[in-house]
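Just data_29.cif here, mmCIF, C-alpha atoms, pLDDT in the B column; chains and numbers go by the auth columns:
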data_start
#
loop_
_atom_site.group_PDB
_atom_site.id
_atom_site.type_symbol
_atom_site.label_atom_id
_atom_site.label_comp_id
_atom_site.label_asym_id
_atom_site.label_seq_id
_atom_site.Cartn_x
_atom_site.Cartn_y
_atom_site.Cartn_z
_atom_site.B_iso_or_equiv
_atom_site.auth_seq_id
_atom_site.auth_asym_id
ATOM 1 C CA MET A 1 0.000 0.000 0.000 89.00 4 A
ATOM 2 C CA CYS A 2 2.678 2.489 1.026 96.00 5 A
ATOM 3 C CA SER A 3 6.256 2.591 2.245 97.00 6 A
ATOM 4 C CA LEU A 4 8.156 4.948 4.544 98.00 7 A
ATOM 5 C CA GLU A 5 11.878 5.601 4.354 97.00 8 A
ATOM 6 C CA LYS A 6 14.247 8.173 5.780 95.00 9 A
ATOM 7 C CA ARG A 7 16.603 10.073 3.472 95.00 10 A
ATOM 8 C CA GLY A 8 18.787 12.139 5.705 94.00 11 A
ATOM 9 C CA ARG A 9 16.352 14.285 7.655 95.00 12 A
ATOM 10 C CA VAL A 10 13.520 13.759 5.179 97.00 13 A
ATOM 11 C CA PHE A 11 10.810 11.140 5.611 98.00 14 A
ATOM 12 C CA VAL A 12 9.600 9.873 2.223 98.00 15 A
ATOM 13 C CA LEU A 13 6.131 8.313 2.202 98.00 16 A
ATOM 14 C CA THR A 14 5.448 6.520 -1.097 98.00 17 A
ATOM 15 C CA LEU A 15 2.155 5.055 -2.303 98.00 18 A
ATOM 16 C CA THR A 16 3.454 1.853 -3.848 97.00 19 A
ATOM 17 C CA GLY A 17 2.426 -0.169 -6.901 95.00 20 A
ATOM 18 C CA ASP A 18 1.186 0.666 -10.387 91.00 21 A
ATOM 19 C CA GLY A 19 -2.503 1.030 -9.551 94.00 22 A
ATOM 20 C CA GLU A 20 -4.651 4.124 -9.075 97.00 23 A
ATOM 21 C CA HIS A 21 -3.920 4.393 -5.330 97.00 24 A
ATOM 22 C CA ARG A 22 -7.618 4.541 -4.577 97.00 25 A
ATOM 23 C CA LEU A 23 -8.245 5.726 -1.039 98.00 26 A
ATOM 24 C CA GLY A 24 -10.096 2.881 0.601 97.00 27 A
ATOM 25 C CA HIS A 25 -10.018 1.660 4.182 97.00 28 A
ATOM 26 C CA ASP A 26 -6.696 -0.143 3.846 97.00 29 A
ATOM 27 C CA LEU A 27 -4.743 2.628 2.113 97.00 30 A
ATOM 28 C CA ILE A 28 -6.133 5.329 4.402 98.00 31 A
ATOM 29 C CA ALA A 29 -5.124 3.223 7.420 98.00 32 A
ATOM 30 C CA ALA A 30 -1.662 2.626 5.947 98.00 33 A
ATOM 31 C CA ILE A 31 -1.101 6.351 5.345 98.00 34 A
ATOM 32 C CA ARG A 32 -2.243 7.223 8.865 98.00 35 A
ATOM 33 C CA SER A 33 0.044 4.560 10.313 98.00 36 A
ATOM 34 C CA ALA A 34 2.987 5.963 8.352 98.00 37 A
ATOM 35 C CA LEU A 35 2.209 9.509 9.519 98.00 38 A
ATOM 36 C CA ALA A 36 2.029 8.295 13.118 97.00 39 A
ATOM 37 C CA ARG A 37 5.503 6.780 12.693 97.00 40 A
ATOM 38 C CA VAL A 38 6.796 10.043 11.253 97.00 41 A
ATOM 39 C CA ARG A 39 5.398 11.976 14.201 96.00 42 A
ATOM 40 C CA ALA A 40 6.830 9.537 16.745 96.00 43 A
ATOM 41 C CA GLU A 41 10.282 9.241 15.166 94.00 44 A
ATOM 42 C CA SER A 42 10.630 13.007 14.754 93.00 45 A
ATOM 43 C CA ALA A 43 9.776 13.750 18.383 89.00 46 A
ATOM 44 C CA ALA A 44 13.352 13.324 19.574 84.00 47 A
ATOM 45 C CA VAL A 45 15.014 15.356 16.811 84.00 48 A
ATOM 46 C CA ARG A 46 14.957 18.960 15.691 87.00 49 A
ATOM 47 C CA GLY A 47 14.656 19.561 11.978 94.00 50 A
ATOM 48 C CA ALA A 48 12.732 17.155 9.740 97.00 51 A
ATOM 49 C CA ALA A 49 10.452 17.206 6.707 98.00 52 A
ATOM 50 C CA LEU A 50 7.984 14.902 4.956 98.00 53 A
ATOM 51 C CA VAL A 51 7.704 14.196 1.229 98.00 54 A
ATOM 52 C CA THR A 52 4.734 12.208 -0.097 98.00 55 A
ATOM 53 C CA ALA A 53 4.998 10.612 -3.553 98.00 56 A
ATOM 54 C CA ALA A 54 3.484 7.718 -5.504 98.00 57 A
ATOM 55 C CA GLU A 55 4.562 5.078 -7.973 97.00 58 A
ATOM 56 C CA GLY A 56 2.940 4.598 -11.367 94.00 59 A
ATOM 57 C CA ARG A 57 0.667 6.847 -13.467 94.00 60 A
ATOM 58 C CA PHE A 58 -1.440 8.064 -10.543 97.00 61 A
ATOM 59 C CA PHE A 59 -0.648 10.055 -7.440 97.00 62 A
ATOM 60 C CA SER A 60 -4.133 9.058 -6.273 98.00 63 A
ATOM 61 C CA ASN A 61 -7.384 8.770 -8.198 97.00 64 A
ATOM 62 C CA GLY A 62 -9.530 9.508 -5.159 96.00 65 A
ATOM 63 C CA PHE A 63 -11.799 7.356 -3.046 97.00 66 A
ATOM 64 C CA ASP A 64 -12.433 3.675 -3.797 95.00 67 A
ATOM 65 C CA LEU A 65 -15.701 4.235 -5.661 94.00 68 A
ATOM 66 C CA ALA A 66 -15.769 0.677 -6.980 94.00 69 A
ATOM 67 C CA TRP A 67 -15.989 -0.594 -3.408 95.00 70 A
ATOM 68 C CA ALA A 68 -18.668 1.967 -2.552 94.00 71 A
ATOM 69 C CA ASN A 69 -20.735 1.168 -5.642 92.00 72 A
ATOM 70 C CA SER A 70 -20.556 -2.588 -5.003 94.00 73 A
ATOM 71 C CA ALA A 71 -22.741 -2.177 -1.912 92.00 74 A
ATOM 72 C CA GLY A 72 -25.857 -3.338 -3.781 87.00 75 A
ATOM 73 C CA SER A 73 -28.052 -0.243 -3.581 93.00 76 A
ATOM 74 C CA SER A 74 -27.672 3.482 -4.028 91.00 77 A
ATOM 75 C CA SER A 75 -28.325 4.160 -0.345 93.00 78 A
ATOM 76 C CA ALA A 76 -25.750 1.583 0.719 95.00 79 A
ATOM 77 C CA ALA A 77 -23.262 3.030 -1.772 92.00 80 A
ATOM 78 C CA ARG A 78 -23.778 6.519 -0.310 93.00 81 A
ATOM 79 C CA GLU A 79 -23.261 5.122 3.167 95.00 82 A
ATOM 80 C CA ARG A 80 -20.002 3.472 2.122 96.00 83 A
ATOM 81 C CA LEU A 81 -18.800 6.641 0.432 95.00 84 A
ATOM 82 C CA GLY A 82 -19.690 8.599 3.547 96.00 85 A
ATOM 83 C CA SER A 83 -17.552 6.234 5.589 96.00 86 A
ATOM 84 C CA LEU A 84 -14.564 6.962 3.336 97.00 87 A
ATOM 85 C CA VAL A 85 -15.152 10.709 3.625 97.00 88 A
ATOM 86 C CA ALA A 86 -15.135 10.335 7.420 97.00 89 A
ATOM 87 C CA LEU A 87 -12.028 8.132 7.410 97.00 90 A
ATOM 88 C CA PHE A 88 -10.055 10.522 5.203 98.00 91 A
ATOM 89 C CA ARG A 89 -10.664 13.601 7.351 97.00 92 A
ATOM 90 C CA PRO A 90 -8.145 12.497 10.030 97.00 93 A
ATOM 91 C CA ILE A 91 -5.447 12.432 7.343 98.00 94 A
ATOM 92 C CA VAL A 92 -6.040 16.148 6.813 98.00 95 A
ATOM 93 C CA VAL A 93 -5.865 16.584 10.596 98.00 96 A
ATOM 94 C CA ASP A 94 -2.606 14.639 10.687 97.00 97 A
ATOM 95 C CA MET A 95 -1.101 16.724 7.899 98.00 98 A
ATOM 96 C CA MET A 96 -2.190 20.067 9.340 97.00 99 A
ATOM 97 C CA SER A 97 -0.789 19.213 12.768 97.00 100 A
ATOM 98 C CA LEU A 98 2.393 17.392 11.680 97.00 101 A
ATOM 99 C CA PRO A 99 5.363 19.099 13.375 97.00 102 A
ATOM 100 C CA MET A 100 7.462 19.624 10.247 98.00 103 A
ATOM 101 C CA PRO A 101 7.242 21.028 6.697 98.00 104 A
ATOM 102 C CA THR A 102 5.437 18.779 4.213 98.00 105 A
ATOM 103 C CA ILE A 103 5.823 18.511 0.435 98.00 106 A
ATOM 104 C CA ALA A 104 3.646 16.568 -2.000 98.00 107 A
ATOM 105 C CA ALA A 105 5.520 15.224 -5.020 98.00 108 A
ATOM 106 C CA VAL A 106 2.598 14.773 -7.418 98.00 109 A
ATOM 107 C CA THR A 107 3.985 12.157 -9.771 96.00 110 A
ATOM 108 C CA GLY A 108 0.785 11.416 -11.683 95.00 111 A
ATOM 109 C CA HIS A 109 -2.926 12.169 -11.868 96.00 112 A
ATOM 110 C CA ALA A 110 -4.435 13.506 -8.629 98.00 113 A
ATOM 111 C CA ALA A 111 -8.225 13.448 -8.630 98.00 114 A
ATOM 112 C CA ALA A 112 -10.904 14.204 -6.026 98.00 115 A
ATOM 113 C CA ALA A 113 -9.622 12.977 -2.636 98.00 116 A
ATOM 114 C CA GLY A 114 -6.234 12.439 -4.291 98.00 117 A
ATOM 115 C CA PHE A 115 -6.183 16.139 -5.153 98.00 118 A
ATOM 116 C CA MET A 116 -7.077 16.867 -1.515 98.00 119 A
ATOM 117 C CA LEU A 117 -4.226 14.647 -0.333 98.00 120 A
ATOM 118 C CA ALA A 118 -1.814 16.701 -2.416 98.00 121 A
ATOM 119 C CA ILE A 119 -2.918 20.158 -1.317 98.00 122 A
ATOM 120 C CA CYS A 120 -3.096 19.365 2.384 98.00 123 A
ATOM 121 C CA HIS A 121 0.718 19.513 2.218 98.00 124 A
ATOM 122 C CA ASP A 122 2.531 22.808 2.730 98.00 125 A
ATOM 123 C CA TYR A 123 4.122 22.695 -0.719 98.00 126 A
ATOM 124 C CA VAL A 124 3.247 20.888 -3.944 98.00 127 A
ATOM 125 C CA ALA A 125 5.714 19.851 -6.647 98.00 128 A
ATOM 126 C CA MET A 126 4.242 18.287 -9.801 98.00 129 A
ATOM 127 C CA ARG A 127 5.607 16.450 -12.801 97.00 130 A
ATOM 128 C CA GLY A 128 5.058 18.310 -16.049 95.00 131 A
ATOM 129 C CA ASP A 129 5.168 15.514 -18.610 93.00 132 A
ATOM 130 C CA ARG A 130 2.055 13.657 -17.451 90.00 133 A
ATOM 131 C CA GLY A 131 -0.879 14.034 -15.096 92.00 134 A
ATOM 132 C CA PHE A 132 -3.460 16.582 -14.079 96.00 135 A
ATOM 133 C CA LEU A 133 -5.356 17.810 -11.030 98.00 136 A
ATOM 134 C CA TYR A 134 -9.083 17.166 -11.210 98.00 137 A
ATOM 135 C CA MET A 135 -12.069 17.449 -8.898 97.00 138 A
ATOM 136 C CA SER A 136 -14.468 14.982 -10.514 96.00 139 A
ATOM 137 C CA GLU A 137 -17.434 15.438 -8.184 95.00 140 A
ATOM 138 C CA LEU A 138 -19.440 17.700 -10.517 96.00 141 A
ATOM 139 C CA ASP A 139 -18.971 15.289 -13.425 96.00 142 A
ATOM 140 C CA ILE A 140 -20.129 12.262 -11.438 94.00 143 A
ATOM 141 C CA GLY A 141 -22.911 14.014 -9.518 93.00 144 A
ATOM 142 C CA LEU A 142 -21.513 14.165 -5.993 93.00 145 A
ATOM 143 C CA PRO A 143 -21.470 17.164 -3.641 94.00 146 A
ATOM 144 C CA PHE A 144 -18.223 18.186 -1.983 96.00 147 A
ATOM 145 C CA PRO A 145 -17.803 17.296 1.682 96.00 148 A
ATOM 146 C CA PRO A 146 -17.669 20.575 3.626 96.00 149 A
ATOM 147 C CA TYR A 147 -14.067 20.008 4.709 97.00 150 A
ATOM 148 C CA PHE A 148 -13.041 19.495 1.046 98.00 151 A
ATOM 149 C CA MET A 149 -14.416 22.963 0.316 98.00 152 A
ATOM 150 C CA ALA A 150 -12.614 24.385 3.330 98.00 153 A
ATOM 151 C CA LEU A 151 -9.354 22.828 2.172 98.00 154 A
ATOM 152 C CA MET A 152 -9.727 24.167 -1.365 98.00 155 A
ATOM 153 C CA ARG A 153 -10.624 27.652 -0.127 98.00 156 A
ATOM 154 C CA ALA A 154 -7.555 27.586 2.098 97.00 157 A
ATOM 155 C CA LYS A 155 -5.116 26.368 -0.548 98.00 158 A
ATOM 156 C CA ILE A 156 -6.465 27.812 -3.841 98.00 159 A
ATOM 157 C CA ALA A 157 -6.248 31.544 -3.274 96.00 160 A
ATOM 158 C CA ASP A 158 -7.334 32.782 -6.720 97.00 161 A
ATOM 159 C CA PRO A 159 -11.164 32.735 -6.837 97.00 162 A
ATOM 160 C CA ARG A 160 -11.112 32.171 -10.601 97.00 163 A
ATOM 161 C CA ALA A 161 -8.846 29.168 -10.173 98.00 164 A
ATOM 162 C CA LEU A 162 -11.149 27.823 -7.462 98.00 165 A
ATOM 163 C CA ARG A 163 -14.155 28.412 -9.734 98.00 166 A
ATOM 164 C CA ASP A 164 -12.547 26.420 -12.548 97.00 167 A
ATOM 165 C CA VAL A 165 -11.666 23.550 -10.225 98.00 168 A
ATOM 166 C CA VAL A 166 -15.050 23.220 -8.515 98.00 169 A
ATOM 167 C CA LEU A 167 -17.601 24.676 -10.976 98.00 170 A
ATOM 168 C CA ARG A 168 -16.037 23.647 -14.283 97.00 171 A
ATOM 169 C CA ALA A 169 -14.466 20.365 -13.162 97.00 172 A
ATOM 170 C CA ALA A 170 -11.372 21.429 -15.071 97.00 173 A
ATOM 171 C CA LYS A 171 -8.549 18.942 -15.579 97.00 174 A
ATOM 172 C CA VAL A 172 -5.579 21.126 -14.713 97.00 175 A
ATOM 173 C CA PRO A 173 -2.155 20.119 -16.064 97.00 176 A
ATOM 174 C CA ALA A 174 1.003 21.002 -14.175 97.00 177 A
ATOM 175 C CA ALA A 175 1.990 24.192 -16.029 97.00 178 A
ATOM 176 C CA GLU A 176 -1.506 25.628 -15.658 97.00 179 A
ATOM 177 C CA ALA A 177 -1.667 24.564 -12.011 98.00 180 A
ATOM 178 C CA LYS A 178 1.534 26.492 -11.338 98.00 181 A
ATOM 179 C CA GLU A 179 0.204 29.529 -13.182 97.00 182 A
ATOM 180 C CA LYS A 180 -2.974 29.378 -11.068 97.00 183 A
ATOM 181 C CA GLY A 181 -0.946 29.102 -7.873 97.00 184 A
ATOM 182 C CA ILE A 182 -2.181 25.596 -7.004 98.00 185 A
ATOM 183 C CA VAL A 183 1.276 24.006 -7.198 98.00 186 A
ATOM 184 C CA ASP A 184 4.640 25.547 -6.409 98.00 187 A
ATOM 185 C CA TRP A 185 7.026 23.855 -8.839 98.00 188 A
ATOM 186 C CA VAL A 186 6.893 21.796 -12.036 98.00 189 A
ATOM 187 C CA TYR A 187 9.550 19.300 -13.097 97.00 190 A
ATOM 188 C CA GLY A 188 10.096 17.223 -16.205 94.00 191 A
ATOM 189 C CA SER A 189 9.479 13.708 -14.887 95.00 192 A
ATOM 190 C CA ALA A 190 8.318 11.766 -11.855 95.00 193 A
ATOM 191 C CA ALA A 191 11.890 11.036 -10.762 96.00 194 A
ATOM 192 C CA GLU A 192 12.895 14.692 -11.061 97.00 195 A
ATOM 193 C CA THR A 193 9.820 15.729 -9.085 98.00 196 A
ATOM 194 C CA VAL A 194 10.622 13.400 -6.191 98.00 197 A
ATOM 195 C CA GLU A 195 14.310 14.334 -6.199 98.00 198 A
ATOM 196 C CA ALA A 196 13.478 18.047 -6.143 98.00 199 A
ATOM 197 C CA ALA A 197 10.927 17.564 -3.350 98.00 200 A
ATOM 198 C CA VAL A 198 13.503 15.709 -1.249 98.00 201 A
ATOM 199 C CA ARG A 199 16.062 18.474 -1.865 98.00 202 A
ATOM 200 C CA MET A 200 13.536 21.065 -0.738 98.00 203 A
ATOM 201 C CA GLY A 201 12.740 18.911 2.277 98.00 204 A
ATOM 202 C CA GLU A 202 16.437 18.798 3.198 98.00 205 A
ATOM 203 C CA GLU A 203 16.687 22.577 2.882 98.00 206 A
ATOM 204 C CA LEU A 204 13.682 23.096 5.128 98.00 207 A
ATOM 205 C CA ALA A 205 14.799 20.479 7.662 98.00 208 A
ATOM 206 C CA ALA A 206 18.219 22.142 7.845 97.00 209 A
ATOM 207 C CA ARG A 207 16.559 25.239 9.303 97.00 210 A
ATOM 208 C CA ASN A 208 16.186 23.248 12.545 96.00 211 A
ATOM 209 C CA TRP A 209 12.796 24.749 13.327 96.00 212 A
ATOM 210 C CA ASN A 210 10.947 23.666 16.426 95.00 213 A
ATOM 211 C CA GLY A 211 8.258 21.287 15.186 95.00 214 A
ATOM 212 C CA SER A 212 5.609 22.296 17.708 94.00 215 A
ATOM 213 C CA VAL A 213 6.052 25.941 16.783 96.00 216 A
ATOM 214 C CA TYR A 214 5.877 25.097 13.072 97.00 217 A
ATOM 215 C CA ALA A 215 2.643 23.144 13.523 97.00 218 A
ATOM 216 C CA SER A 216 1.145 25.881 15.674 96.00 219 A
ATOM 217 C CA ILE A 217 1.892 28.552 13.061 97.00 220 A
ATOM 218 C CA ARG A 218 0.449 26.374 10.297 97.00 221 A
ATOM 219 C CA MET A 219 -2.757 25.794 12.228 97.00 222 A
ATOM 220 C CA GLY A 220 -3.002 29.490 13.054 95.00 223 A
ATOM 221 C CA SER A 221 -2.602 30.307 9.362 96.00 224 A
ATOM 222 C CA PHE A 222 -5.509 28.048 8.377 97.00 225 A
ATOM 223 C CA GLN A 223 -7.913 28.369 11.293 95.00 226 A
ATOM 224 C CA LYS A 224 -11.093 27.936 9.214 96.00 227 A
ATOM 225 C CA LEU A 225 -9.753 24.730 7.697 97.00 228 A
ATOM 226 C CA CYS A 226 -8.688 23.436 11.100 97.00 229 A
ATOM 227 C CA ARG A 227 -12.142 24.094 12.512 96.00 230 A
ATOM 228 C CA ALA A 228 -13.735 22.380 9.495 96.00 231 A
ATOM 229 C CA VAL A 229 -11.819 19.165 10.190 96.00 232 A
ATOM 230 C CA GLY A 230 -12.329 19.404 13.954 94.00 233 A
ATOM 231 C CA LEU A 231 -8.659 19.992 14.683 89.00 234 A
ATOM 232 C CA ALA A 232 -8.792 23.040 16.922 69.00 235 A
ATOM 233 C CA GLU A 233 -10.887 25.882 18.131 52.00 236 A
ATOM 234 C CA GLU A 234 -9.564 29.412 17.952 46.00 237 A
ATOM 235 C CA GLY A 235 -6.920 29.941 20.565 48.00 238 A
ATOM 236 C CA ASP A 236 -6.095 26.248 20.958 49.00 239 A
ATOM 237 C CA GLU A 237 -2.657 26.828 19.451 45.00 240 A
ATOM 238 C CA GLU A 238 -1.910 28.945 22.524 47.00 241 A
ATOM 239 C CA LYS A 239 -2.494 25.900 24.735 46.00 242 A
ATOM 240 C CA MET A 240 0.202 23.844 23.013 47.00 243 A
ATOM 241 C CA ASN A 241 3.299 22.991 25.020 49.00 244 A
ATOM 242 C CA ILE A 242 5.775 25.215 23.217 51.00 245 A
ATOM 243 C CA PRO A 243 9.207 25.786 24.795 53.00 246 A
ATOM 244 C CA ALA A 244 10.576 29.254 25.391 51.00 247 A
ATOM 245 C CA PRO A 245 12.375 30.746 22.378 54.00 248 A
ATOM 246 C CA LYS A 246 16.124 31.068 22.186 55.00 249 A
ATOM 247 C CA LEU A 247 16.877 34.790 22.211 47.00 250 A
#
Target format C-alpha cells, applied to this file:
Amino acid sequence: MCSLEKRGRVFVLTLTGDGEHRLGHDLIAAIRSALARVRAESAAVRGAALVTAAEGRFFSNGFDLAWANSAGSSSAARERLGSLVALFRPIVVDMMSLPMPTIAAVTGHAAAAGFMLAICHDYVAMRGDRGFLYMSELDIGLPFPPYFMALMRAKIADPRALRDVVLRAAKVPAAEAKEKGIVDWVYGSAAETVEAAVRMGEELAARNWNGSVYASIRMGSFQKLCRAVGLAEEGDEEKMNIPAPKL
C-alpha cells in the first residue's frame, strides 16, 4: 500500500504499486500509520520534513468508488462513500498538525480525494510531462464534503482558479496549475519531481525549526480549515506545550 523511508532528515512516504492508489479503508489506514511513525520518530530530533509521492501513473485517483458502488443499492453506496469521507478527514488533521514542513511530489494524476491529499501539504511539486489535477465530483454528480471545500478555499487563493476547479471540473495540467498558484514547482518527470521535493525537504529540515512551533503557526494560518476538520478551536494553538524561544 505504502512505504516509509528516511533520506537524511527527510521522511519519504510513497504510495506503492502501479494502480490508481484509490483511497479505501486499507490505504487510508496505511497512510495514517505511516504519519504516526513520522510523528513519533521526529519527536526526539529537531529539523525534519515529509515528502509524499506515488509510484505509477497516478498520485491518487480519489476514493475507492468501486468498493462503494458494489454495496448493492444506491443508499448503501452513499453510506459506504460517507464512511470513506469520514475516514479521510483524520489524514487532513494529521497533515495540518504534523510538526514539520510537508511537500507533496505529485507524480501522476491527482483526482478528487487524491487532489485533496496533495494540497493538504505545505508545498506541492508536480511532474510536467504527465498528469493533471481534477475534482471529478461535478462530473459524477456528488457534492463536496464541507471540509473538502474548506481545504480548497484555504489552498487555492485565486477565486477564478477555485471556480474552474469546482464549478467547471477542469482537468488542470502542471503548467496551468503552477500559473494558477495551485502548485509551487513543475519538473520534467516523476523522478525529477521526487528528487526536487527531497532536496527542498532537506533545505527546510536544515533550518532546525521547532516542530511544535511550526505546527502551531500552520494551524493558526488556516484556522477555518482546522475548525472544518475538527482539529482546533480558535486559541487552541496557545495551549500547546511550546518551549521558550532562544533569544
Q) Hey, what's within 8 Å of range 134-150 of chain A if we count all atoms listed in the file and toss same-chain stuff fewer than 3 positions away? As a list of chain:residue names, please? A) A:Arg60, A:Phe61, A:Val88, A:Arg92, A:Thr110, A:Gly111, A:His112, A:Ala113, A:Ala114, A:Ala115, A:Phe118, A:Arg130, A:Gly131, A:Ala153, A:Leu154, A:Val168, A:Val169, A:Leu170, A:Arg171, A:Ala172, A:Ala173, A:Lys174, A:Val175, A:Pro176, A:Ala177, A:Ala180, A:Leu228, A:Ala231, A:Val232
If you keep C-alpha atoms, can you produce a file of those selected residues as a short mmCIF file (atom, residue, chain, number, x, y, z; two decimals), in the frame of the given file?
data_model
loop_
_atom_site.label_atom_id
_atom_site.label_comp_id
_atom_site.auth_asym_id
_atom_site.auth_seq_id
_atom_site.Cartn_x
_atom_site.Cartn_y
_atom_site.Cartn_z
CA ARG A 60 0.67 6.85 -13.47
CA PHE A 61 -1.44 8.06 -10.54
CA VAL A 88 -15.15 10.71 3.62
CA ARG A 92 -10.66 13.60 7.35
CA THR A 110 3.98 12.16 -9.77
CA GLY A 111 0.78 11.42 -11.68
CA HIS A 112 -2.93 12.17 -11.87
CA ALA A 113 -4.43 13.51 -8.63
CA ALA A 114 -8.22 13.45 -8.63
CA ALA A 115 -10.90 14.20 -6.03
CA PHE A 118 -6.18 16.14 -5.15
CA ARG A 130 5.61 16.45 -12.80
CA GLY A 131 5.06 18.31 -16.05
CA ALA A 153 -12.61 24.38 3.33
CA LEU A 154 -9.35 22.83 2.17
CA VAL A 168 -11.67 23.55 -10.22
CA VAL A 169 -15.05 23.22 -8.52
CA LEU A 170 -17.60 24.68 -10.98
CA ARG A 171 -16.04 23.65 -14.28
CA ALA A 172 -14.47 20.36 -13.16
CA ALA A 173 -11.37 21.43 -15.07
CA LYS A 174 -8.55 18.94 -15.58
CA VAL A 175 -5.58 21.13 -14.71
CA PRO A 176 -2.15 20.12 -16.06
CA ALA A 177 1.00 21.00 -14.18
CA ALA A 180 -1.67 24.56 -12.01
CA LEU A 228 -9.75 24.73 7.70
CA ALA A 231 -13.74 22.38 9.49
CA VAL A 232 -11.82 19.16 10.19
#
Q. Could you name the residues that touch range 14-26 of chain A at 10 Å or less, counting only C-alpha atoms, but leaving out those on the same chain fewer than 3 positions away, as a PyMOL selection string?
A. chain A and resi 4-11+29-34+37-38+40-41+44-45+51-70+87-88+90-91+105-108+111-114+116-117+120+197+200-201+204-205
Please produce a file of the residues just selected, as a PDB file, in the frame of the given file, where the atoms kept are C-alpha atoms.
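Printed below is out18.pdb as written:
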ATOM      1  CA  MET A   4       0.000   0.000   0.000  1.00 89.00           C
ATOM      2  CA  CYS A   5       2.678   2.489   1.026  1.00 96.00           C
ATOM      3  CA  SER A   6       6.256   2.591   2.245  1.00 97.00           C
ATOM      4  CA  LEU A   7       8.156   4.948   4.544  1.00 98.00           C
ATOM      5  CA  GLU A   8      11.878   5.601   4.354  1.00 97.00           C
ATOM      6  CA  LYS A   9      14.247   8.173   5.780  1.00 95.00           C
ATOM      7  CA  ARG A  10      16.603  10.073   3.472  1.00 95.00           C
ATOM      8  CA  GLY A  11      18.787  12.139   5.705  1.00 94.00           C
ATOM      9  CA  ASP A  29      -6.696  -0.143   3.846  1.00 97.00           C
ATOM     10  CA  LEU A  30      -4.743   2.628   2.113  1.00 97.00           C
ATOM     11  CA  ILE A  31      -6.133   5.329   4.402  1.00 98.00           C
ATOM     12  CA  ALA A  32      -5.124   3.223   7.420  1.00 98.00           C
ATOM     13  CA  ALA A  33      -1.662   2.626   5.947  1.00 98.00           C
ATOM     14  CA  ILE A  34      -1.101   6.351   5.345  1.00 98.00           C
ATOM     15  CA  ALA A  37       2.987   5.963   8.352  1.00 98.00           C
ATOM     16  CA  LEU A  38       2.209   9.509   9.519  1.00 98.00           C
ATOM     17  CA  ARG A  40       5.503   6.780  12.693  1.00 97.00           C
ATOM     18  CA  VAL A  41       6.796  10.043  11.253  1.00 97.00           C
ATOM     19  CA  GLU A  44      10.282   9.241  15.166  1.00 94.00           C
ATOM     20  CA  SER A  45      10.630  13.007  14.754  1.00 93.00           C
ATOM     21  CA  ALA A  51      12.732  17.155   9.740  1.00 97.00           C
ATOM     22  CA  ALA A  52      10.452  17.206   6.707  1.00 98.00           C
ATOM     23  CA  LEU A  53       7.984  14.902   4.956  1.00 98.00           C
ATOM     24  CA  VAL A  54       7.704  14.196   1.229  1.00 98.00           C
ATOM     25  CA  THR A  55       4.734  12.208  -0.097  1.00 98.00           C
ATOM     26  CA  ALA A  56       4.998  10.612  -3.553  1.00 98.00           C
ATOM     27  CA  ALA A  57       3.484   7.718  -5.504  1.00 98.00           C
ATOM     28  CA  GLU A  58       4.562   5.078  -7.973  1.00 97.00           C
ATOM     29  CA  GLY A  59       2.940   4.598 -11.367  1.00 94.00           C
ATOM     30  CA  ARG A  60       0.667   6.847 -13.467  1.00 94.00           C
ATOM     31  CA  PHE A  61      -1.440   8.064 -10.543  1.00 97.00           C
ATOM     32  CA  PHE A  62      -0.648  10.055  -7.440  1.00 97.00           C
ATOM     33  CA  SER A  63      -4.133   9.058  -6.273  1.00 98.00           C
ATOM     34  CA  ASN A  64      -7.384   8.770  -8.198  1.00 97.00           C
ATOM     35  CA  GLY A  65      -9.530   9.508  -5.159  1.00 96.00           C
ATOM     36  CA  PHE A  66     -11.799   7.356  -3.046  1.00 97.00           C
ATOM     37  CA  ASP A  67     -12.433   3.675  -3.797  1.00 95.00           C
ATOM     38  CA  LEU A  68     -15.701   4.235  -5.661  1.00 94.00           C
ATOM     39  CA  ALA A  69     -15.769   0.677  -6.980  1.00 94.00           C
ATOM     40  CA  TRP A  70     -15.989  -0.594  -3.408  1.00 95.00           C
ATOM     41  CA  LEU A  87     -14.564   6.962   3.336  1.00 97.00           C
ATOM     42  CA  VAL A  88     -15.152  10.709   3.625  1.00 97.00           C
ATOM     43  CA  LEU A  90     -12.028   8.132   7.410  1.00 97.00           C
ATOM     44  CA  PHE A  91     -10.055  10.522   5.203  1.00 98.00           C
ATOM     45  CA  THR A 105       5.437  18.779   4.213  1.00 98.00           C
ATOM     46  CA  ILE A 106       5.823  18.511   0.435  1.00 98.00           C
ATOM     47  CA  ALA A 107       3.646  16.568  -2.000  1.00 98.00           C
ATOM     48  CA  ALA A 108       5.520  15.224  -5.020  1.00 98.00           C
ATOM     49  CA  GLY A 111       0.785  11.416 -11.683  1.00 95.00           C
ATOM     50  CA  HIS A 112      -2.926  12.169 -11.868  1.00 96.00           C
ATOM     51  CA  ALA A 113      -4.435  13.506  -8.629  1.00 98.00           C
ATOM     52  CA  ALA A 114      -8.225  13.448  -8.630  1.00 98.00           C
ATOM     53  CA  ALA A 116      -9.622  12.977  -2.636  1.00 98.00           C
ATOM     54  CA  GLY A 117      -6.234  12.439  -4.291  1.00 98.00           C
ATOM     55  CA  LEU A 120      -4.226  14.647  -0.333  1.00 98.00           C
ATOM     56  CA  VAL A 197      10.622  13.400  -6.191  1.00 98.00           C
ATOM     57  CA  ALA A 200      10.927  17.564  -3.350  1.00 98.00           C
ATOM     58  CA  VAL A 201      13.503  15.709  -1.249  1.00 98.00           C
ATOM     59  CA  GLY A 204      12.740  18.911   2.277  1.00 98.00           C
ATOM     60  CA  GLU A 205      16.437  18.798   3.198  1.00 98.00           C
TER      61      GLU A 205
END
Q | Distance criterion (only C-alpha atoms): nearest to Val13 in chain A out of A:Val95, A:Ala160, A:Val48, A:Cys229 | A |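 Among the listed residues, A:Val48 lies closest to Val13 in chain A.
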Q. What's the 6 Å shell around Ala71 in chain A, counting only C-alpha atoms, without same-chain residues fewer than 6 positions away, as a ChimeraX atom specification?
A. /A:80,83-84
Q) Using only C-alpha atoms, which residue out of A:Arg42, A:Phe225, A:Ser192, A:Asp125 lies closest to Asp97 in chain A? A)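 Using only C-alpha atoms, the shortest distance to Asp97 in chain A belongs to A:Arg42.
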Centre and edge lengths of an axis-aligned box around all listed atoms of range 162-177 of chain A, with 3 Å added on each side, are to be given in Å to one decimal, as AutoDock Vina command-line options.
--center_x -8.3 --center_y 25.8 --center_z -11.5 --size_x 24.6 --size_y 19.8 --size_z 15.2
